[in-house]
Amino acid sequence: MAKLLKGKAVADSIKKDLSKRIDALKAKKIIPKLGIIRVGNRPDDLFYEKSAKRACSSLKIDWEIFAYPESVSQQDLEDALYKRGNDRRINGLLILAPLPQNLDEKKIRSLIPWEKDIDGMSLDSAGKVFADDPAGFPPCTPTACLELLKFYDIPLEGKKVAVLGRSLVAGKPISMLLLREHATVTICHSKTKNLAEVCRGADIIVAAMGRARMLNSNYVKTGQIIIDVGINDDPKNSGQYCGDVNFSSVESIVSGITPVPGGIGSITAAVLCKHTVMACEMQNGFLG
């Protein structure tokens with residue numbers, strides 16, 4: 001039976017360290033602040049927003065929601081980004097995405113100042129991650145994966161890792177962060193031939209393809225670690241979520257696995273707070 005790699009203990013460890021750093025900032029009369037920009041009322045956006053607010057409140061980090069209707073114009077949203085980007089009281093900016101199709105999301109993302117881009121949304125931030133520039137913030141979910149692996153003392157140096165997915169918000173940045181730890185990374189996707197064989201040859205599998213329960217016992221072998229990044233509507237249970245991994249199919253085979261829910265997702269909000277605090281420290285000359 002696989003060891004459950006739960007996220008709560010990881011998140012609690014991150015928050016414990018953050019509390020000390022936040023106290024040090026408050027001693028200098030500085031309070032970190034997160035700004036969240038939301039367009040419309042998508043249920044998954046509201047769910048993430050609620051998690052972020054709860055995490056911020058538990059750490060006494062300030063937060064503010066800037067909500068706009070789906071009908072908001074491109075110019076009005078761009079003006080809002082300029083305003084929030086230039087507001088010195090806001091240290092971290094998060095745009096809940098994807099945006100409605102009538103908006104130019106690439107342009108909107110590009111307007112986030114890199115020093116406030118705490119979820120690595122702009123190409124400037126992505127470039128810093130790919131260039132190993134520590135000043136850039138990787139997206140929070142890939143960072144959460146690394147936080148979990150380190151917390152559970154899972155070695156990465158020299159290990160073979162199969163990353164399933166090549167998106168800019170998950171697969172690609174996860175791969176870059178793993179390379180920093182000297183893992184040997186294979187990026188897989190929908191066109192990868194013999195995908196099951198590639199997965200069975202890995203020591204660690206990171207599933208981030210956005211396909212509900214696609215990874216089953218045919219893809220795994222004894223002794224592997226499985227990191228499930230997927231958050232999908234559960235086709236078998238309406239209103240519930242499931243991962244990219246068929247948990248019941250692989251649990252008895254692998255050595256360790258993250259649950260969904262209760263795994264990577266529960267760490268992501270803590271990482272969002274961590275990046276906001278780091279941004280605050282940098283902007284006030286206390287870090288790096």
# chains A, B, ... in the order shown; residues from 1 in each chain; ligands from 1
>>> residues_around(residues="Lys106 in chain A", least_positions_apart="6", cutoff="10 Å", atoms="only C-alpha atoms", output="MDAnalysis selection string")
chainID A and resid 99 121:123
>>> write_last_selection(atoms="C-alpha atoms", output="PDB file, in the first residue's frame")
ATOM      1  CA  LEU A  99     -10.153  34.883 -18.972  1.00  0.00           C
ATOM      2  CA  MET A 121       1.805  34.348 -15.434  1.00  0.00           C
ATOM      3  CA  SER A 122       3.726  36.677 -17.754  1.00  0.00           C
ATOM      4  CA  LEU A 123       6.302  35.729 -20.367  1.00  0.00           C
TER       5      LEU A 123
END
>>> select_by_dssp(residues="range 172-225 of chain A", states="strand (DSSP E)", output="list in words")
Thr184, Val185, Thr186, Ile187, Cys188, Ile204, Ile205, Val206, Ala207 and Ile225 of chain A
>>> residues_around(residues="range 264-275 of chain A", least_positions_apart="6", cutoff="9 Å", atoms="only C-alpha atoms", output="JSON, numbers by chain")
{"A": [6, 7, 8, 9, 10, 11, 12, 14, 15, 18, 34, 48, 51, 52, 53, 54, 55, 56, 59, 61, 92, 94, 116, 117, 118, 119, 137, 139, 140, 141, 142, 143, 144, 145, 147, 148, 227, 228, 229, 230, 231, 258]}
>>> closest_residue(among="A:Asp87, A:Glu281, A:Asp62, A:Asp233", to="Pro43 in chain A", atoms="only C-alpha atoms")
A:Asp233
>>> closest_residue(among="A:Ala196, A:Val250, A:Ala131, A:Ala212", to="Lys236 in chain A", atoms="only C-alpha atoms")
A:Ala212
>>> decode(residues="range 40-58 of chain A", atoms="C-alpha atoms", output="PDB file, in the first residue's frame")
ATOM      1  CA  GLY A  40     -16.819  36.755 -13.909  1.00  0.00           C
ATOM      2  CA  ASN A  41     -17.859  34.133 -11.371  1.00  0.00           C
ATOM      3  CA  ARG A  42     -16.483  30.789 -12.570  1.00  0.00           C
ATOM      4  CA  PRO A  43     -16.870  28.184  -9.790  1.00  0.00           C
ATOM      5  CA  ASP A  44     -13.220  27.107  -9.961  1.00  0.00           C
ATOM      6  CA  ASP A  45     -12.080  30.754  -9.762  1.00  0.00           C
ATOM      7  CA  LEU A  46     -14.273  31.314  -6.722  1.00  0.00           C
ATOM      8  CA  PHE A  47     -12.949  28.108  -5.127  1.00  0.00           C
ATOM      9  CA  TYR A  48      -9.314  29.186  -5.594  1.00  0.00           C
ATOM     10  CA  GLU A  49     -10.104  32.722  -4.463  1.00  0.00           C
ATOM     11  CA  LYS A  50     -11.689  31.368  -1.269  1.00  0.00           C
ATOM     12  CA  SER A  51      -8.644  29.177  -0.579  1.00  0.00           C
ATOM     13  CA  ALA A  52      -6.293  32.125  -1.135  1.00  0.00           C
ATOM     14  CA  LYS A  53      -8.297  34.413   1.154  1.00  0.00           C
ATOM     15  CA  ARG A  54      -8.424  31.763   3.863  1.00  0.00           C
ATOM     16  CA  ALA A  55      -4.651  31.211   3.688  1.00  0.00           C
ATOM     17  CA  CYS A  56      -3.924  34.950   3.732  1.00  0.00           C
ATOM     18  CA  SER A  57      -6.246  35.550   6.664  1.00  0.00           C
ATOM     19  CA  SER A  58      -4.666  32.724   8.679  1.00  0.00           C
TER      20      SER A  58
END
